[in-house]
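A.B. asks: My structure file my_file_11.json, JSON, C-alpha atoms, is below:
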```json
[["chain", "number", "residue", "atom", "x", "y", "z"],
["A", 1, "MET", "CA", 45.70, 69.34, 92.06],
["A", 2, "SER", "CA", 43.48, 71.04, 94.61],
["A", 3, "THR", "CA", 44.63, 72.19, 98.02],
["A", 4, "GLU", "CA", 42.48, 71.28, 100.97],
["A", 5, "THR", "CA", 41.49, 74.21, 103.16],
["A", 6, "ILE", "CA", 41.15, 73.54, 106.89],
["A", 7, "PRO", "CA", 38.71, 75.82, 108.73],
["A", 8, "THR", "CA", 39.91, 77.75, 111.77],
["A", 9, "PRO", "CA", 39.32, 75.44, 114.77],
["A", 10, "ARG", "CA", 38.22, 78.14, 117.18],
["A", 11, "SER", "CA", 37.11, 81.71, 116.87],
["A", 12, "SER", "CA", 37.85, 84.19, 119.68],
["A", 13, "TYR", "CA", 35.06, 85.45, 121.94],
["A", 14, "ALA", "CA", 35.48, 89.10, 121.04],
["A", 15, "PRO", "CA", 37.00, 90.11, 117.73],
["A", 16, "PRO", "CA", 40.30, 92.01, 118.14],
["A", 17, "ARG", "CA", 39.76, 95.73, 118.40],
["A", 18, "THR", "CA", 40.69, 97.45, 115.19],
["A", 19, "ARG", "CA", 39.35, 100.96, 115.81],
["A", 20, "GLY", "CA", 40.89, 103.75, 117.86],
["A", 21, "VAL", "CA", 44.34, 104.08, 119.40],
["A", 22, "ASN", "CA", 45.88, 100.85, 120.67],
["A", 23, "TRP", "CA", 47.11, 102.23, 124.00],
["A", 24, "GLU", "CA", 48.46, 98.92, 125.26],
["A", 25, "LYS", "CA", 50.66, 98.63, 122.18],
["A", 26, "TRP", "CA", 52.02, 102.16, 122.61],
["A", 27, "GLY", "CA", 52.56, 101.53, 126.32],
["A", 28, "TRP", "CA", 54.55, 98.44, 125.38],
["A", 29, "MET", "CA", 56.49, 100.48, 122.81],
["A", 30, "TYR", "CA", 57.08, 103.28, 125.35],
["A", 31, "MET", "CA", 58.74, 100.88, 127.81],
["A", 32, "ARG", "CA", 61.31, 99.86, 125.21],
["A", 33, "ILE", "CA", 62.00, 103.29, 123.70],
["A", 34, "SER", "CA", 62.19, 105.09, 127.07],
["A", 35, "GLY", "CA", 64.24, 102.18, 128.45],
["A", 36, "LEU", "CA", 66.86, 102.72, 125.76],
["A", 37, "PHE", "CA", 67.19, 106.40, 126.66],
["A", 38, "LEU", "CA", 67.08, 105.68, 130.40],
["A", 39, "VAL", "CA", 70.07, 103.34, 130.17],
["A", 40, "ILE", "CA", 72.14, 106.28, 128.90],
["A", 41, "LEU", "CA", 70.58, 108.92, 131.18],
["A", 42, "ILE", "CA", 70.75, 106.90, 134.41],
["A", 43, "PHE", "CA", 74.21, 105.40, 133.79],
["A", 44, "GLY", "CA", 75.48, 108.95, 133.17],
["A", 45, "HIS", "CA", 73.68, 110.21, 136.29],
["A", 46, "LEU", "CA", 75.15, 107.40, 138.43],
["A", 47, "PHE", "CA", 78.66, 107.94, 137.06],
["A", 48, "VAL", "CA", 78.71, 111.68, 137.71],
["A", 49, "ASN", "CA", 77.05, 111.46, 141.16],
["A", 50, "LEU", "CA", 78.43, 108.21, 142.62],
["A", 51, "VAL", "CA", 81.64, 107.31, 140.77],
["A", 52, "ALA", "CA", 83.43, 110.47, 139.58],
["A", 53, "GLY", "CA", 85.37, 112.56, 142.10],
["A", 54, "ASP", "CA", 84.38, 111.79, 145.68],
["A", 55, "GLY", "CA", 81.16, 109.99, 144.71],
["A", 56, "VAL", "CA", 78.26, 110.36, 147.11],
["A", 57, "ARG", "CA", 80.50, 112.25, 149.58],
["A", 58, "ALA", "CA", 80.62, 115.27, 147.27],
["A", 59, "ILE", "CA", 76.85, 115.72, 146.95],
["A", 60, "ASP", "CA", 75.32, 118.74, 148.68],
["A", 61, "PHE", "CA", 73.38, 121.86, 147.69],
["A", 62, "ALA", "CA", 76.46, 123.50, 146.17],
["A", 63, "PHE", "CA", 77.10, 120.36, 144.06],
["A", 64, "VAL", "CA", 73.56, 120.50, 142.65],
["A", 65, "ALA", "CA", 73.78, 124.27, 142.12],
["A", 66, "GLY", "CA", 77.03, 123.77, 140.22],
["A", 67, "LYS", "CA", 75.43, 121.16, 137.97],
["A", 68, "TYR", "CA", 72.39, 123.39, 137.39],
["A", 69, "SER", "CA", 74.50, 126.48, 136.53],
["A", 70, "THR", "CA", 74.23, 125.44, 132.87],
["A", 71, "PRO", "CA", 71.14, 124.04, 131.10],
["A", 72, "PHE", "CA", 72.89, 120.72, 130.33],
["A", 73, "TRP", "CA", 72.09, 118.86, 133.57],
["A", 74, "LYS", "CA", 68.71, 120.57, 133.88],
["A", 75, "VAL", "CA", 67.68, 119.11, 130.51],
["A", 76, "TRP", "CA", 69.28, 115.77, 131.47],
["A", 77, "ASP", "CA", 67.40, 115.57, 134.79],
["A", 78, "PHE", "CA", 64.15, 116.82, 133.26],
["A", 79, "ALA", "CA", 64.23, 114.08, 130.62],
["A", 80, "MET", "CA", 65.20, 111.51, 133.25],
["A", 81, "LEU", "CA", 62.35, 112.58, 135.55],
["A", 82, "TRP", "CA", 59.63, 112.26, 132.89],
["A", 83, "LEU", "CA", 60.95, 109.14, 131.17],
["A", 84, "ALA", "CA", 61.79, 107.24, 134.38],
["A", 85, "LEU", "CA", 58.66, 108.05, 136.39],
["A", 86, "ILE", "CA", 56.28, 107.20, 133.54],
["A", 87, "HIS", "CA", 58.33, 104.06, 132.79],
["A", 88, "GLY", "CA", 58.16, 103.04, 136.46],
["A", 89, "ALA", "CA", 54.48, 103.90, 136.83],
["A", 90, "ASN", "CA", 53.59, 101.89, 133.73],
["A", 91, "GLY", "CA", 55.61, 98.98, 135.09],
["A", 92, "MET", "CA", 53.74, 99.16, 138.39],
["A", 93, "ARG", "CA", 50.46, 99.30, 136.43],
["A", 94, "THR", "CA", 51.49, 96.04, 134.79],
["A", 95, "LEU", "CA", 52.16, 94.45, 138.19],
["A", 96, "VAL", "CA", 48.80, 95.65, 139.56],
["A", 97, "ASN", "CA", 47.01, 94.28, 136.49],
["A", 98, "ASP", "CA", 48.79, 90.95, 137.03],
["A", 99, "TYR", "CA", 48.46, 90.52, 140.78],
["A", 100, "ALA", "CA", 45.60, 92.67, 142.17],
["A", 101, "ARG", "CA", 42.60, 90.37, 141.73],
["A", 102, "LYS", "CA", 39.89, 92.29, 143.58],
["A", 103, "PRO", "CA", 38.35, 94.98, 141.33],
["A", 104, "LEU", "CA", 38.16, 97.61, 144.09],
["A", 105, "LEU", "CA", 41.76, 97.05, 145.25],
["A", 106, "ARG", "CA", 42.91, 97.16, 141.65],
["A", 107, "ARG", "CA", 41.16, 100.48, 141.08],
["A", 108, "VAL", "CA", 42.61, 101.95, 144.29],
["A", 109, "PHE", "CA", 46.16, 100.95, 143.26],
["A", 110, "LEU", "CA", 45.79, 102.21, 139.70],
["A", 111, "VAL", "CA", 44.39, 105.57, 140.84],
["A", 112, "ALA", "CA", 47.17, 105.86, 143.46],
["A", 113, "ILE", "CA", 49.82, 105.24, 140.78],
["A", 114, "LEU", "CA", 48.24, 107.80, 138.44],
["A", 115, "VAL", "CA", 47.84, 110.50, 141.09],
["A", 116, "SER", "CA", 51.34, 110.04, 142.58],
["A", 117, "THR", "CA", 52.88, 110.10, 139.09],
["A", 118, "ILE", "CA", 51.14, 113.34, 138.10],
["A", 119, "LEU", "CA", 52.01, 115.04, 141.41],
["A", 120, "LEU", "CA", 55.68, 113.99, 141.37],
["A", 121, "ILE", "CA", 56.15, 114.95, 137.71],
["A", 122, "LEU", "CA", 54.69, 118.38, 138.40],
["A", 123, "LEU", "CA", 56.79, 118.79, 141.56],
["A", 124, "GLY", "CA", 60.02, 117.66, 139.88],
["A", 125, "SER", "CA", 59.45, 119.80, 136.78],
["A", 126, "LEU", "CA", 58.74, 122.83, 138.96],
["A", 127, "VAL", "CA", 61.90, 122.25, 141.02],
["A", 128, "ILE", "CA", 64.14, 121.93, 137.95],
["A", 129, "THR", "CA", 62.67, 124.89, 136.02],
["A", 130, "THR", "CA", 62.52, 127.33, 138.97],
["A", 131, "PHE", "CA", 65.77, 126.31, 140.69],
["A", 132, "ASP", "CA", 67.63, 129.20, 142.37],
["A", 133, "PRO", "CA", 71.35, 128.50, 143.05],
["A", 134, "CYS", "CA", 71.71, 131.51, 145.37],
["A", 135, "PRO", "CA", 68.56, 131.76, 147.54],
["A", 136, "ALA", "CA", 68.43, 134.89, 149.70],
["A", 137, "GLY", "CA", 68.95, 134.66, 153.44],
["A", 138, "MET", "CA", 71.20, 131.58, 153.37],
["A", 139, "ALA", "CA", 74.61, 131.17, 155.00],
["A", 140, "ALA", "CA", 77.41, 131.54, 152.44],
["A", 141, "SER", "CA", 78.87, 128.18, 153.59],
["A", 142, "ALA", "CA", 75.82, 126.33, 152.26],
["A", 143, "LEU", "CA", 75.86, 128.10, 148.90],
["A", 144, "PRO", "CA", 78.02, 127.54, 145.81],
["A", 145, "SER", "CA", 81.16, 129.67, 145.53],
["A", 146, "PHE", "CA", 79.86, 131.70, 142.57],
["A", 147, "CYS", "CA", 77.04, 133.27, 144.63],
["A", 148, "PRO", "CA", 77.53, 137.00, 145.39],
["A", 149, "ALA", "CA", 78.36, 137.77, 149.03],
["A", 150, "PRO", "CA", 75.24, 138.80, 150.97],
["B", 151, "MET", "CA", 28.61, 75.53, 111.16],
["B", 152, "PRO", "CA", 31.90, 73.88, 112.15],
["B", 153, "GLU", "CA", 31.58, 75.05, 115.79],
["B", 154, "ASN", "CA", 28.18, 73.40, 116.21],
["B", 155, "SER", "CA", 29.16, 70.12, 114.63],
["B", 156, "ALA", "CA", 32.34, 70.02, 116.73],
["B", 157, "GLY", "CA", 30.21, 70.57, 119.85],
["B", 158, "THR", "CA", 27.91, 67.64, 119.13],
["B", 159, "LEU", "CA", 30.86, 65.39, 118.38],
["B", 160, "ALA", "CA", 32.69, 66.16, 121.66],
["B", 161, "THR", "CA", 33.32, 63.12, 123.85],
["B", 162, "PRO", "CA", 32.13, 63.19, 127.50],
["B", 163, "PRO", "CA", 34.66, 64.64, 130.00],
["B", 164, "SER", "CA", 35.07, 61.29, 131.79],
["B", 165, "ALA", "CA", 37.40, 60.21, 129.01],
["B", 166, "THR", "CA", 39.97, 62.92, 129.88],
["B", 167, "PRO", "CA", 43.43, 61.30, 129.81],
["B", 168, "ARG", "CA", 45.66, 61.78, 132.84],
["B", 169, "ILE", "CA", 48.90, 63.54, 132.02],
["B", 170, "LYS", "CA", 51.64, 63.73, 134.64],
["B", 171, "PRO", "CA", 53.16, 67.19, 135.08],
["B", 172, "PRO", "CA", 56.86, 67.39, 134.17],
["B", 173, "ARG", "CA", 59.17, 66.88, 137.12],
["B", 174, "ARG", "CA", 61.21, 69.99, 136.37],
["B", 175, "LEU", "CA", 59.81, 73.28, 135.13],
["B", 176, "ALA", "CA", 61.76, 73.31, 131.90],
["B", 177, "GLY", "CA", 61.44, 73.05, 128.19],
["B", 178, "THR", "CA", 59.88, 76.36, 127.19],
["B", 179, "VAL", "CA", 61.32, 79.85, 126.98],
["B", 180, "TYR", "CA", 59.21, 81.11, 129.87],
["B", 181, "ARG", "CA", 59.05, 78.20, 132.34],
["B", 182, "GLY", "CA", 61.69, 77.52, 134.92],
["B", 183, "ARG", "CA", 64.77, 78.50, 132.98],
["B", 184, "GLU", "CA", 66.63, 81.68, 131.99],
["B", 185, "GLY", "CA", 63.48, 83.20, 130.50],
["B", 186, "MET", "CA", 61.51, 82.89, 133.73],
["B", 187, "TRP", "CA", 64.27, 83.89, 136.15],
["B", 188, "SER", "CA", 65.30, 86.90, 134.08],
["B", 189, "TRP", "CA", 61.63, 87.97, 134.13],
["B", 190, "VAL", "CA", 61.32, 87.45, 137.90],
["B", 191, "LEU", "CA", 64.50, 89.46, 138.55],
["B", 192, "HIS", "CA", 63.30, 92.18, 136.16],
["B", 193, "ARG", "CA", 60.08, 92.61, 138.16],
["B", 194, "ILE", "CA", 61.79, 92.59, 141.57],
["B", 195, "THR", "CA", 64.51, 95.07, 140.55],
["B", 196, "GLY", "CA", 61.97, 97.27, 138.75],
["B", 197, "THR", "CA", 59.76, 97.50, 141.84],
["B", 198, "ALA", "CA", 62.71, 98.34, 144.09],
["B", 199, "ILE", "CA", 63.93, 101.04, 141.69],
["B", 200, "TYR", "CA", 60.41, 102.52, 141.42],
["B", 201, "PHE", "CA", 60.03, 103.02, 145.17],
["B", 202, "PHE", "CA", 63.51, 104.53, 145.42],
["B", 203, "LEU", "CA", 62.60, 106.89, 142.55],
["B", 204, "LEU", "CA", 59.54, 108.17, 144.45],
["B", 205, "VAL", "CA", 61.69, 108.98, 147.50],
["B", 206, "HIS", "CA", 64.52, 110.38, 145.36],
["B", 207, "ILE", "CA", 62.25, 112.91, 143.60],
["B", 208, "LEU", "CA", 60.97, 114.08, 146.99],
["B", 209, "ASP", "CA", 64.42, 114.43, 148.60],
["B", 210, "THR", "CA", 65.87, 116.21, 145.56],
["B", 211, "SER", "CA", 62.92, 118.61, 145.60],
["B", 212, "LEU", "CA", 64.34, 120.03, 148.84],
["B", 213, "VAL", "CA", 66.92, 121.95, 146.74],
["B", 214, "ARG", "CA", 64.08, 124.29, 145.82],
["B", 215, "LEU", "CA", 62.93, 124.67, 149.43],
["B", 216, "ASN", "CA", 66.02, 125.09, 151.60],
["B", 217, "PRO", "CA", 69.75, 124.30, 151.05],
["B", 218, "GLY", "CA", 70.15, 123.31, 154.72],
["B", 219, "ALA", "CA", 67.23, 120.86, 154.58],
["B", 220, "TYR", "CA", 68.62, 119.34, 151.39],
["B", 221, "ASN", "CA", 72.11, 118.96, 152.88],
["B", 222, "GLY", "CA", 70.62, 117.36, 156.00],
["B", 223, "VAL", "CA", 68.81, 114.68, 154.01],
["B", 224, "ILE", "CA", 71.74, 114.09, 151.64],
["B", 225, "ASP", "CA", 74.05, 113.62, 154.64],
["B", 226, "THR", "CA", 71.96, 110.57, 155.61],
["B", 227, "TYR", "CA", 72.73, 109.18, 152.12],
["B", 228, "LYS", "CA", 76.43, 109.19, 153.12],
["B", 229, "THR", "CA", 76.01, 106.94, 156.18],
["B", 230, "PRO", "CA", 77.27, 103.32, 155.95],
["B", 231, "ILE", "CA", 73.77, 101.77, 155.90],
["B", 232, "MET", "CA", 72.52, 104.07, 153.14],
["B", 233, "GLY", "CA", 75.84, 103.65, 151.33],
["B", 234, "LEU", "CA", 75.21, 99.91, 151.18],
["B", 235, "GLY", "CA", 71.62, 100.67, 150.14],
["B", 236, "GLU", "CA", 73.00, 102.70, 147.20],
["B", 237, "LEU", "CA", 75.19, 99.74, 146.27],
["B", 238, "GLY", "CA", 72.07, 97.55, 146.27],
["B", 239, "LEU", "CA", 70.24, 100.15, 144.20],
["B", 240, "VAL", "CA", 73.02, 100.27, 141.61],
["B", 241, "ILE", "CA", 73.07, 96.44, 141.50],
["B", 242, "ALA", "CA", 69.31, 96.50, 140.78],
["B", 243, "ILE", "CA", 69.57, 99.29, 138.20],
["B", 244, "VAL", "CA", 72.43, 97.66, 136.27],
["B", 245, "TYR", "CA", 70.56, 94.33, 136.07],
["B", 246, "HIS", "CA", 67.31, 96.03, 135.02],
["B", 247, "ALA", "CA", 69.13, 98.08, 132.36],
["B", 248, "LEU", "CA", 71.08, 95.16, 130.87],
["B", 249, "ASN", "CA", 68.11, 92.77, 130.88],
["B", 250, "GLY", "CA", 65.97, 95.56, 129.42],
["B", 251, "LEU", "CA", 68.38, 95.74, 126.48],
["B", 252, "ARG", "CA", 68.06, 91.94, 126.19],
["B", 253, "ILE", "CA", 64.26, 92.29, 126.05],
["B", 254, "ILE", "CA", 64.57, 94.91, 123.28],
["B", 255, "ALA", "CA", 66.85, 92.55, 121.34],
["B", 256, "ILE", "CA", 64.36, 89.68, 121.77],
["B", 257, "ASP", "CA", 61.34, 91.78, 120.76],
["B", 258, "PHE", "CA", 62.74, 93.68, 117.78],
["B", 259, "PHE", "CA", 65.35, 91.46, 116.14],
["B", 260, "ALA", "CA", 65.12, 87.99, 114.62],
["B", 261, "TRP", "CA", 68.38, 86.93, 116.29],
["B", 262, "GLY", "CA", 67.09, 87.96, 119.74],
["B", 263, "PRO", "CA", 64.82, 85.00, 120.56],
["B", 264, "LYS", "CA", 67.32, 82.56, 119.03],
["B", 265, "ARG", "CA", 70.13, 83.91, 121.20],
["B", 266, "GLN", "CA", 68.07, 84.72, 124.33],
["B", 267, "ARG", "CA", 69.98, 82.26, 126.50],
["B", 268, "ALA", "CA", 73.38, 83.56, 125.38],
["B", 269, "LEU", "CA", 72.07, 87.10, 125.89],
["B", 270, "PHE", "CA", 71.06, 86.21, 129.47],
["B", 271, "ILE", "CA", 74.53, 84.87, 130.20],
["B", 272, "GLY", "CA", 75.94, 88.06, 128.68],
["B", 273, "VAL", "CA", 73.67, 90.13, 130.98],
["B", 274, "ILE", "CA", 74.93, 88.25, 134.05],
["B", 275, "VAL", "CA", 78.61, 88.52, 133.03],
["B", 276, "LEU", "CA", 78.39, 92.24, 132.23],
["B", 277, "TRP", "CA", 76.41, 92.79, 135.43],
["B", 278, "VAL", "CA", 79.15, 91.18, 137.54],
["B", 279, "ILE", "CA", 81.88, 93.16, 135.72],
["B", 280, "LEU", "CA", 80.14, 96.53, 136.18],
["B", 281, "ILE", "CA", 79.36, 95.88, 139.87],
["B", 282, "ALA", "CA", 82.95, 94.69, 140.41],
["B", 283, "GLY", "CA", 83.97, 98.10, 139.10],
["B", 284, "PHE", "CA", 81.48, 100.10, 141.14],
["B", 285, "ALA", "CA", 81.44, 98.27, 144.50],
["B", 286, "PRO", "CA", 85.07, 99.00, 145.56],
["B", 287, "ARG", "CA", 84.59, 102.65, 144.64],
["B", 288, "GLN", "CA", 81.39, 102.97, 146.69],
["B", 289, "ILE", "CA", 82.75, 101.00, 149.68],
["B", 290, "ALA", "CA", 85.89, 103.19, 149.70],
["B", 291, "ASN", "CA", 83.69, 106.31, 149.75],
["B", 292, "ILE", "CA", 81.60, 104.88, 152.63],
["B", 293, "ILE", "CA", 84.73, 104.10, 154.68],
["B", 294, "LEU", "CA", 86.33, 107.50, 153.97],
["B", 295, "GLU", "CA", 83.13, 109.27, 154.98],
["B", 296, "ALA", "CA", 82.72, 107.16, 158.16],
["B", 297, "THR", "CA", 86.32, 107.72, 159.27],
["B", 298, "GLY", "CA", 85.94, 111.48, 158.86],
["B", 299, "HIS", "CA", 88.42, 111.78, 156.01],
["B", 300, "PRO", "CA", 87.78, 115.19, 154.40],
["B", 301, "SER", "CA", 86.62, 115.11, 150.80],
["B", 302, "ALA", "CA", 89.05, 116.73, 148.37]]
```
Represent the structure contained in this file as structure tokens.
C.D. replies:
Amino acid sequence: MSTETIPTPRSSYAPPRTRGVNWEKWGWMYMRISGLFLVILIFGHLFVNLVAGDGVRAIDFAFVAGKYSTPFWKVWDFAMLWLALIHGANGMRTLVNDYARKPLLRRVFLVAILVSTILLILLGSLVITTFDPCPAGMAASALPSFCPAP
Amino acid sequence: MPENSAGTLATPPSATPRIKPPRRLAGTVYRGREGMWSWVLHRITGTAIYFFLLVHILDTSLVRLNPGAYNGVIDTYKTPIMGLGELGLVIAIVYHALNGLRIIAIDFFAWGPKRQRALFIGVIVLWVILIAGFAPRQIANIILEATGHPSA
């Protein structure tokens, strides 16, 4: 008994890349891993800011200062900022790759996504890490109750 | 070489048979049915959430600049139009989150692709339940804010 071997009908134009880091694979992986964390982070964020207490009515500077008086929400928001913005930017990159046909337009969009992502991540990280709940020269009514009287 | 011999054996293109396209886009996971519509909704909601995220990082950054400026911008988030916008945002986020979990199930588990249709129905049902829980809460807050009811 001999088994008949059938040759591969077609061979691909370029052999699959086997050297170096497979960035597309890790991008794909990132979407799923970050997505899992973002479900928890964003649902928690939405519950605390929009559902609990007075919801959106309660949000003001003092509300944020109260949340940022302990590291818990700073770490939460920091993780959310990085995971969500990179997740969103990579998603937009996918859309540009799918729909922007002209090479120049495609490049412009991809560079715009990259630049805006870097700038906003730096801005957001700076805001969270250097936040001051009691800035000098502000009216006491706008500040949280734990600030010392000016 | 098999490629060369196959090339010389190819029949001329005039013999191409005519195949009618199916009347309905159906029959595969990704054409016309749950697979396609879940994918379309995932892209639309994702894009909407992304552009809100860009604005949201900028407005929240005002807490570092000036409490008054931050309060001024956040007060616009409490108006009825923006309140409904937040409801729309939450609707988009909840769909994107639940369908994202469905995608993870499809990609990483053997039961995912087999149950993708049931998972999609589960996404829709859970989506409706969660929004039914959130919407009354948000609408009540919008009305209380608009009628000048003081927050507790």
A.B. asks: Once you count all atoms listed in the file, which residues of chain B turn out to be within 8 Å of chain A? Could you give them as a PyMOL selection string?
C.D. replies: chain B and resi 152-153+196-197+200+203-204+207-208+211+213-214+217-218+220-221+224-225+227-228+247+250-251+254+284+287-288+291+295+301-302
A.B. asks: At what distance in Å, to one decimal, does CA of Leu83 (chain A) lie from CA of His246 (chain B)?
C.D. replies: 15.1 Å
A.B. asks: Record the distance separating CA of Ser34 (chain A) and CA of Phe259 (chain B), expressed in Å with one decimal.
C.D. replies: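 The value is 17.8 Å.
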A.B. asks: What is the CA of Leu248 (chain B) to CA of Gln266 (chain B) distance in Å?
C.D. replies: 12.7 Å
A.B. asks: Kindly compute an axis-aligned box around the listed atoms of region 76-95 of chain A, allowing 8 Å on each side, and express its centre and edge lengths in Å to one decimal as AutoDock Vina command-line options.
C.D. replies:
```
--center_x 59.9 --center_y 105.6 --center_z 134.5 --size_x 34.8 --size_y 38.4 --size_z 23.8
```
A.B. asks: What lies within 10 Å of Arg252 (chain B) using only C-alpha atoms, ignoring chain neighbours under 3 positions off, as JSON, numbers by chain?
C.D. replies: {"B": [188, 246, 247, 248, 249, 255, 256, 257, 262, 263, 265, 266, 267, 268, 269, 270, 272, 273]}
A.B. asks: Near Trp277 (chain B), counting all atoms listed in the file, which residues have an atom at most 9 Å away, once you skip same-chain residues fewer than 2 positions from it, shown as a ChimeraX atom specification?
C.D. replies: /B:241,244-245,248,272-275,279-282
A.B. asks: Would you mind telling me which residue in B:Gly185, B:Gly283, B:Gly222, B:Gly298 lies nearest to Val240 (chain B) when using all atoms listed in the file?
C.D. replies: B:Gly283
A.B. asks: Please, could N, CA and C atoms be added to region 261-285 of chain B and the result written as a short mmCIF file (atom, residue, chain, number, x, y, z; two decimals), keeping the file's coordinate frame?
C.D. replies:
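Listed below is the output, selection.cif:
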```cif
data_model
loop_
_atom_site.label_atom_id
_atom_site.label_comp_id
_atom_site.auth_asym_id
_atom_site.auth_seq_id
_atom_site.Cartn_x
_atom_site.Cartn_y
_atom_site.Cartn_z
N TRP B 261 67.35 87.71 115.59
CA TRP B 261 68.38 86.93 116.29
C TRP B 261 68.15 86.93 117.79
N GLY B 262 67.29 87.84 118.29
CA GLY B 262 67.09 87.96 119.74
C GLY B 262 66.54 86.70 120.39
N PRO B 263 65.36 86.22 119.94
CA PRO B 263 64.82 85.00 120.56
C PRO B 263 65.74 83.80 120.40
N LYS B 264 66.43 83.70 119.25
CA LYS B 264 67.32 82.56 119.03
C LYS B 264 68.49 82.57 120.01
N ARG B 265 68.94 83.78 120.35
CA ARG B 265 70.13 83.91 121.20
C ARG B 265 69.76 84.34 122.62
N GLN B 266 68.48 84.15 123.03
CA GLN B 266 68.07 84.72 124.33
C GLN B 266 68.85 84.14 125.49
N ARG B 267 69.25 82.88 125.41
CA ARG B 267 69.98 82.26 126.50
C ARG B 267 71.40 82.83 126.57
N ALA B 268 72.04 82.97 125.41
CA ALA B 268 73.38 83.56 125.38
C ALA B 268 73.32 85.01 125.86
N LEU B 269 72.23 85.71 125.46
CA LEU B 269 72.07 87.10 125.89
C LEU B 269 71.94 87.17 127.41
N PHE B 270 71.22 86.21 128.01
CA PHE B 270 71.06 86.21 129.47
C PHE B 270 72.41 86.01 130.16
N ILE B 271 73.20 85.09 129.62
CA ILE B 271 74.53 84.87 130.20
C ILE B 271 75.37 86.14 130.05
N GLY B 272 75.24 86.79 128.89
CA GLY B 272 75.94 88.06 128.68
C GLY B 272 75.52 89.11 129.68
N VAL B 273 74.19 89.18 129.98
CA VAL B 273 73.67 90.13 130.98
C VAL B 273 74.33 89.86 132.33
N ILE B 274 74.38 88.59 132.73
CA ILE B 274 74.93 88.25 134.05
C ILE B 274 76.43 88.60 134.12
N VAL B 275 77.16 88.27 133.04
CA VAL B 275 78.61 88.52 133.03
C VAL B 275 78.89 90.02 133.10
N LEU B 276 78.18 90.79 132.25
CA LEU B 276 78.39 92.24 132.23
C LEU B 276 77.96 92.87 133.55
N TRP B 277 76.91 92.34 134.13
CA TRP B 277 76.41 92.79 135.43
C TRP B 277 77.51 92.64 136.49
N VAL B 278 78.09 91.45 136.56
CA VAL B 278 79.15 91.18 137.54
C VAL B 278 80.35 92.10 137.31
N ILE B 279 80.71 92.32 136.02
CA ILE B 279 81.88 93.16 135.72
C ILE B 279 81.62 94.60 136.18
N LEU B 280 80.43 95.14 135.83
CA LEU B 280 80.14 96.53 136.18
C LEU B 280 80.06 96.72 137.69
N ILE B 281 79.46 95.75 138.40
CA ILE B 281 79.36 95.88 139.87
C ILE B 281 80.75 95.72 140.50
N ALA B 282 81.58 94.84 139.91
CA ALA B 282 82.95 94.69 140.41
C ALA B 282 83.72 96.00 140.25
N GLY B 283 83.34 96.80 139.26
CA GLY B 283 83.97 98.10 139.10
C GLY B 283 83.42 99.13 140.07
N PHE B 284 82.11 99.08 140.31
CA PHE B 284 81.48 100.10 141.14
C PHE B 284 81.64 99.84 142.64
N ALA B 285 81.49 98.59 143.06
CA ALA B 285 81.44 98.27 144.50
C ALA B 285 82.68 98.77 145.26
#
```
